[in-house]
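Reading through the structure tokens given below for one structure.
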Amino acid sequence: MKLQLTYKPIVLFCICLLMIGRLVAQPVTLNADGPGNTYELINSVLAPGYNVVENPECVHPAFGRHIAEVFDATLNTNVFEFYSHVAEDNDRCIAFDRQRIEIKTYDQSPANLIGTLGEIITYKWRFRLAAGFQPSSSFTHIHQIKPVNGDDANPIFTLTARKSTPNKLELIHDNTTKVAIVDLSLFAGIWVEATEVLKVGANGTYSMIIKRVSDNATILNYSNSNIMTIRPDNDFIRPKWGIYRSLNNPADLRDESIRFNAFSIEEGTVVLPVKLLSFKAVLNNNVVKIKWITSSETNSKSFTVERSTDGTNYTAITTIDAAGNSSTNKNYEVADAKPAAGKNFYRLKQTDIDGRFTLSDIEYIFFKQIKNDQLFIYPNPVKDHLQINIPDAQNNYAAVITNSIGQHVFRGTGTVIKINDDIDKSISQIKPGIYFINLVNNDANYRGKFLKN
């Protein structure tokens, strides 16, 4: 049994006063060191002299300890294995509709292992779900960020497996909002590494990245630069890891195990390789202009503008060189000439010369796709009758016809059938000349012109 301290800086996601930062601190780590005295090892790291293991041994002592240290051939090292049994286990003889085998930090832990207001914390760990892992349809939590005191009944963040079609792994905020969902089969029988970074506050920051250990491929990626990470009356937050599952449908479950290792908790201060004064996206003439200003840069290599249509999955649209090292304001601007129809989320990825990166706040643009070539007007020129047609004619639109100096000569709303009927009743009263017609709703903008004889 030993307390293992390493000294390795780690990249974080943090936006604070519109500045990009990186965490520098000394992490406390917990690794398996071989069979025997497992609870003592865990306690010696997470709360020396106290007990941080929540187990079902009050009702199931015959099995022995529900966490063991076993040799893992894939990692070629000893790891922790957590066990949960359908028929025998419950939640510490306190709750009988669920089962719990978890480790945690709590109020008896050292101050650098619990999160208080304003702190920036990185949690990192590895885990492996057994092949064929069977989660509950209610909940099977494998990680939680729990608040303490005040309004502390529900976790702030939960990583939970859920029975579905197919089964899912969900990242849940405030016990209600599923901020990221991925297929559980991506985790079956393989080791992954999770990195979770948060700033503690009512308007905190949060990110979770899970990667395969074998090839470093990203399986889950979520970040938010303005999110509640502690409730107003909580004293602090703390992490939990293990198996905490519902027994509402025990037929769905089996005796289960999860392997964990390389737990790391790190608190620190913010060093600023890049100070970002502003980051904005503005729609101008169907082009999104993305602009940002830095007040200083240190060893900065590049900036990548990334775009998403769902706020979760981002792709790079352009990368430009950074100043490298600068102590004066630098202005940057790029253009997205082909924004997606509808929602567009933009963020800035700043990469250092050593390959480390940070992510900015998110800018949102809604783009109404202009479809000039899909509005059909006939006859054209027109005399007494005019009809229009568009591909999605069943939707409702607002229609406006203007003359060459911008005056409105017709307004109408409804489906294309209704608008056509209204236009046909009015067209004979319009004077000869060139006219412009515009149909618009929340999703599209159709434009065209015609000649009135």
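Chain labels A, B, ... are given in the sequence in which chains occur in the structure tokens; within each chain residues are numbered consecutively from 1, and ligands are likewise numbered from 1 in the order shown.
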
Residues of segment 309-408 of chain A within 12 Å of segment 220-234 of chain A: nearest atom pair and distance (Å, one decimal) for each, counting only C-alpha atoms, sorted by chain and number, as a tab-separated table?
residue	atom	partner	partner_atom	distance
A:Asp310	CA	A:Tyr222	CA	11.6
A:Gly311	CA	A:Tyr222	CA	9.1
A:Thr312	CA	A:Tyr222	CA	6.3
A:Asn313	CA	A:Asn221	CA	7.8
A:Tyr314	CA	A:Asn221	CA	9.5
A:Arg347	CA	A:Ser223	CA	10.6
A:Thr358	CA	A:Ser223	CA	10.9
A:Leu359	CA	A:Ser223	CA	8.6
A:Ser360	CA	A:Ser225	CA	7.7
A:Asp361	CA	A:Ser225	CA	5.6
A:Ile362	CA	A:Ser225	CA	7.6
A:Glu363	CA	A:Ser225	CA	11.0

DSSP strand (DSSP E or B) selection over segment 39-153 of chain A, as number ranges by chain: A: 53-54, 67-72, 77-84, 91, 95, 98-104, 115, 120-129, 140-148

Now that the selection is made, can you save its residues with N, CA and C atoms as a CSV table (one decimal), in the first residue's frame?
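Final file, result_27.csv:
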chain,number,residue,atom,x,y,z
A,53,VAL,N,-14.8,3.4,1.2
A,53,VAL,CA,-15.3,2.3,0.4
A,53,VAL,C,-16.8,2.0,0.8
A,54,GLU,N,-17.7,2.2,-0.1
A,54,GLU,CA,-19.1,1.9,0.1
A,54,GLU,C,-19.4,0.6,-0.5
A,67,ILE,N,-14.1,-5.4,-3.9
A,67,ILE,CA,-13.1,-4.8,-4.7
A,67,ILE,C,-11.8,-5.6,-4.5
A,68,ALA,N,-11.3,-6.1,-5.6
A,68,ALA,CA,-10.0,-6.9,-5.6
A,68,ALA,C,-9.0,-6.2,-6.5
A,69,GLU,N,-7.8,-6.6,-6.3
A,69,GLU,CA,-6.7,-6.2,-7.2
A,69,GLU,C,-6.3,-7.5,-8.0
A,70,VAL,N,-6.4,-7.3,-9.4
A,70,VAL,CA,-6.1,-8.5,-10.3
A,70,VAL,C,-5.1,-8.0,-11.3
A,71,PHE,N,-4.4,-9.0,-11.9
A,71,PHE,CA,-3.5,-8.6,-13.0
A,71,PHE,C,-4.3,-8.5,-14.3
A,72,ASP,N,-4.1,-7.5,-15.0
A,72,ASP,CA,-4.7,-7.3,-16.3
A,72,ASP,C,-3.7,-7.5,-17.4
A,77,THR,N,-0.4,-4.8,-16.0
A,77,THR,CA,-0.3,-4.3,-14.7
A,77,THR,C,-1.4,-4.8,-13.8
A,78,ASN,N,-1.3,-4.6,-12.5
A,78,ASN,CA,-2.4,-4.8,-11.6
A,78,ASN,C,-3.5,-3.7,-11.7
A,79,VAL,N,-4.7,-4.1,-11.6
A,79,VAL,CA,-5.8,-3.1,-11.6
A,79,VAL,C,-6.9,-3.5,-10.5
A,80,PHE,N,-7.8,-2.5,-10.3
A,80,PHE,CA,-8.9,-2.8,-9.4
A,80,PHE,C,-10.1,-3.4,-10.1
A,81,GLU,N,-10.7,-4.4,-9.5
A,81,GLU,CA,-11.9,-5.0,-10.1
A,81,GLU,C,-13.0,-4.9,-9.1
A,82,PHE,N,-14.1,-4.2,-9.5
A,82,PHE,CA,-15.3,-4.0,-8.7
A,82,PHE,C,-16.4,-5.1,-9.0
A,83,TYR,N,-17.0,-5.7,-8.0
A,83,TYR,CA,-18.0,-6.7,-8.3
A,83,TYR,C,-19.3,-6.4,-7.7
A,84,SER,N,-20.4,-6.7,-8.5
A,84,SER,CA,-21.8,-6.5,-8.0
A,84,SER,C,-22.6,-7.8,-8.4
A,91,ASP,N,-27.7,-1.9,-1.2
A,91,ASP,CA,-26.9,-0.6,-1.0
A,91,ASP,C,-26.7,-0.5,0.5
A,95,ALA,N,-30.6,0.8,1.4
A,95,ALA,CA,-31.6,0.8,0.3
A,95,ALA,C,-31.6,-0.6,-0.3
A,98,ARG,N,-31.6,-1.1,-4.9
A,98,ARG,CA,-30.4,-0.8,-5.7
A,98,ARG,C,-29.2,-1.4,-5.0
A,99,GLN,N,-28.1,-1.4,-5.7
A,99,GLN,CA,-26.8,-2.0,-5.3
A,99,GLN,C,-25.7,-1.0,-5.5
A,100,ARG,N,-24.8,-1.0,-4.5
A,100,ARG,CA,-23.7,0.0,-4.6
A,100,ARG,C,-22.3,-0.7,-4.1
A,101,ILE,N,-21.3,-0.5,-5.0
A,101,ILE,CA,-19.9,-0.8,-4.6
A,101,ILE,C,-19.2,0.4,-5.2
A,102,GLU,N,-18.8,1.4,-4.4
A,102,GLU,CA,-18.2,2.6,-4.9
A,102,GLU,C,-17.1,3.1,-4.0
A,103,ILE,N,-16.2,3.9,-4.5
A,103,ILE,CA,-15.2,4.6,-3.8
A,103,ILE,C,-15.4,6.1,-4.0
A,104,LYS,N,-14.9,6.9,-3.1
A,104,LYS,CA,-15.2,8.3,-3.2
A,104,LYS,C,-14.1,9.1,-2.4
A,115,GLY,N,-13.7,19.5,-4.1
A,115,GLY,CA,-13.8,20.6,-4.9
A,115,GLY,C,-14.6,21.7,-4.3
A,120,ILE,N,-10.3,24.7,-9.9
A,120,ILE,CA,-10.3,24.0,-11.2
A,120,ILE,C,-9.7,22.6,-10.9
A,121,ILE,N,-10.4,21.6,-11.3
A,121,ILE,CA,-10.1,20.2,-10.9
A,121,ILE,C,-10.1,19.3,-12.2
A,122,THR,N,-9.1,18.5,-12.2
A,122,THR,CA,-9.0,17.4,-13.3
A,122,THR,C,-9.1,16.1,-12.6
A,123,TYR,N,-10.1,15.3,-13.1
A,123,TYR,CA,-10.2,13.9,-12.7
A,123,TYR,C,-9.9,13.0,-13.9
A,124,LYS,N,-9.0,12.0,-13.7
A,124,LYS,CA,-8.7,11.1,-14.8
A,124,LYS,C,-8.7,9.7,-14.2
A,125,TRP,N,-9.1,8.8,-15.0
A,125,TRP,CA,-9.1,7.4,-14.6
A,125,TRP,C,-9.3,6.5,-15.9
A,126,ARG,N,-8.9,5.2,-15.7
A,126,ARG,CA,-9.1,4.2,-16.8
A,126,ARG,C,-10.2,3.2,-16.3
A,127,PHE,N,-11.0,2.7,-17.2
A,127,PHE,CA,-11.9,1.7,-16.9
A,127,PHE,C,-12.2,0.8,-18.0
A,128,ARG,N,-12.7,-0.4,-17.7
A,128,ARG,CA,-13.0,-1.4,-18.7
A,128,ARG,C,-14.3,-2.1,-18.3
A,129,LEU,N,-15.3,-2.0,-19.2
A,129,LEU,CA,-16.6,-2.8,-19.0
A,129,LEU,C,-16.4,-4.2,-19.5
A,140,THR,N,-27.3,2.6,-14.2
A,140,THR,CA,-26.1,1.9,-13.8
A,140,THR,C,-25.0,2.9,-13.8
A,141,HIS,N,-24.8,3.6,-12.7
A,141,HIS,CA,-23.8,4.7,-12.6
A,141,HIS,C,-22.4,4.0,-12.4
A,142,ILE,N,-21.4,4.5,-13.2
A,142,ILE,CA,-20.0,4.1,-13.0
A,142,ILE,C,-19.2,5.3,-12.5
A,143,HIS,N,-19.7,6.5,-12.5
A,143,HIS,CA,-19.0,7.7,-12.0
A,143,HIS,C,-20.0,8.8,-11.7
A,144,GLN,N,-19.8,9.5,-10.6
A,144,GLN,CA,-20.6,10.6,-10.2
A,144,GLN,C,-19.8,11.7,-9.7
A,145,ILE,N,-20.2,13.0,-9.9
A,145,ILE,CA,-19.7,14.1,-9.2
A,145,ILE,C,-20.9,14.5,-8.3
A,146,LYS,N,-20.7,14.4,-7.0
A,146,LYS,CA,-21.7,14.6,-6.0
A,146,LYS,C,-21.5,15.9,-5.2
A,147,PRO,N,-22.5,16.7,-4.9
A,147,PRO,CA,-22.4,17.8,-4.1
A,147,PRO,C,-22.6,17.4,-2.6
A,148,VAL,N,-22.1,18.2,-1.7
A,148,VAL,CA,-22.2,17.8,-0.3
A,148,VAL,C,-22.8,19.0,0.5

If we count only C-alpha atoms, what is near Thr160 of chain A at a cut-off of 12 Å, once residues fewer than 5 positions away on the same chain are taken out, given as a PDB file with C-alpha atoms, in the first residue's frame?
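Output file out_27.pdb follows:
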ATOM      1  CA  LEU A 129     -16.552  -2.779 -18.956  1.00  0.00           C
ATOM      2  CA  GLN A 134     -25.778  -5.629 -18.946  1.00  0.00           C
ATOM      3  CA  PRO A 135     -26.973  -2.262 -17.582  1.00  0.00           C
ATOM      4  CA  SER A 136     -30.293  -1.468 -15.930  1.00  0.00           C
ATOM      5  CA  SER A 137     -32.945   0.469 -17.841  1.00  0.00           C
ATOM      6  CA  SER A 138     -33.171   2.772 -14.787  1.00  0.00           C
ATOM      7  CA  PHE A 139     -29.518   3.519 -14.017  1.00  0.00           C
ATOM      8  CA  THR A 140     -26.104   1.901 -13.752  1.00  0.00           C
ATOM      9  CA  HIS A 141     -23.763   4.669 -12.595  1.00  0.00           C
ATOM     10  CA  ILE A 142     -20.038   4.122 -12.974  1.00  0.00           C
ATOM     11  CA  HIS A 143     -19.015   7.678 -12.031  1.00  0.00           C
ATOM     12  CA  GLN A 144     -20.628  10.597 -10.232  1.00  0.00           C
ATOM     13  CA  ILE A 145     -19.745  14.140  -9.195  1.00  0.00           C
ATOM     14  CA  PRO A 155     -25.480  14.336  -8.482  1.00  0.00           C
ATOM     15  CA  ASN A 167     -27.499   0.019 -24.940  1.00  0.00           C
ATOM     16  CA  LYS A 168     -26.079   3.486 -24.243  1.00  0.00           C
ATOM     17  CA  LEU A 169     -23.515   5.259 -22.106  1.00  0.00           C
ATOM     18  CA  GLU A 170     -24.909   8.630 -21.018  1.00  0.00           C
ATOM     19  CA  LEU A 171     -23.316  11.723 -19.504  1.00  0.00           C
ATOM     20  CA  ILE A 172     -26.037  13.424 -17.444  1.00  0.00           C
ATOM     21  CA  HIS A 173     -26.024  16.904 -15.903  1.00  0.00           C
ATOM     22  CA  ASN A 175     -29.735  14.336 -12.847  1.00  0.00           C
ATOM     23  CA  LYS A 178     -28.357  14.011 -21.058  1.00  0.00           C
ATOM     24  CA  VAL A 179     -25.559  16.142 -22.500  1.00  0.00           C
ATOM     25  CA  ALA A 180     -23.807  13.275 -24.342  1.00  0.00           C
ATOM     26  CA  ILE A 181     -24.954   9.796 -25.407  1.00  0.00           C
ATOM     27  CA  VAL A 182     -22.832   7.121 -27.115  1.00  0.00           C
ATOM     28  CA  ASP A 183     -23.288   3.456 -27.991  1.00  0.00           C
ATOM     29  CA  LEU A 184     -22.267   1.238 -25.062  1.00  0.00           C
ATOM     30  CA  TRP A 241     -16.403   5.599  -8.977  1.00  0.00           C
ATOM     31  CA  GLY A 242     -17.775   2.033  -9.066  1.00  0.00           C
ATOM     32  CA  ILE A 243     -21.027   0.208  -9.771  1.00  0.00           C
ATOM     33  CA  TYR A 244     -24.233   1.803  -8.488  1.00  0.00           C
ATOM     34  CA  ARG A 245     -27.246   0.239 -10.191  1.00  0.00           C
ATOM     35  CA  SER A 246     -31.016  -0.069  -9.883  1.00  0.00           C
TER      36      SER A 246
END

Nearest candidate to Ile258 of chain A (options A:Ala161, A:Tyr378, A:Phe410, A:Arg238; using only C-alpha atoms): A:Ala161

Phe376 of chain A environment, 10 Å, only C-alpha atoms, sequence neighbours closer than 3 positions dropped, as a list of chain:residue names: A:Asn372, A:Asp373, A:Pro379, A:Asn380, A:Gln387, A:Ile388, A:Asn389, A:Ile390, A:Pro391, A:Tyr446, A:Arg447, A:Gly448, A:Lys449

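Shortest atom-to-atom contact with Glu57 of chain A among A:Asp89, A:Asp421, A:Asp336, A:Asp384: A:Asp89, counting only C-alpha atoms.
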
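Across the model, the gap from atom CA of Phe157 of chain A to atom CA of Phe260 of chain A is 18.8 Å.
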
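Separating atom CA of Ala251 of chain A from atom CA of Ala153 of chain A is a distance of 27.5 Å.
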
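Residue nearest Lys452 of chain A, chosen from A:Thr351, A:Gln429, A:Ser300, A:Asn37 and counting only C-alpha atoms: A:Gln429.
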
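Taking the backbone of this structure through DSSP, the residues of segment 189-398 of chain A that come out as helix (DSSP H, G or I) are Pro250, Ala251, Asp252, Asn372, Asp373 and Gln374 of chain A.
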
Restrict the selected residues to C-alpha atoms and save them as a CSV table (one decimal), in the first residue's frame.
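This is the output file result_15.csv:
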chain,number,residue,atom,x,y,z
A,250,PRO,CA,-33.3,-7.6,-11.9
A,251,ALA,CA,-34.0,-9.9,-14.8
A,252,ASP,CA,-32.2,-7.4,-17.0
A,372,ASN,CA,-32.7,31.5,-55.1
A,373,ASP,CA,-32.6,28.7,-57.7
A,374,GLN,CA,-35.5,26.7,-56.2

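Between atom CA of Ala281 of chain A and atom CA of Thr205 of chain A the interatomic distance comes to 20.6 Å.
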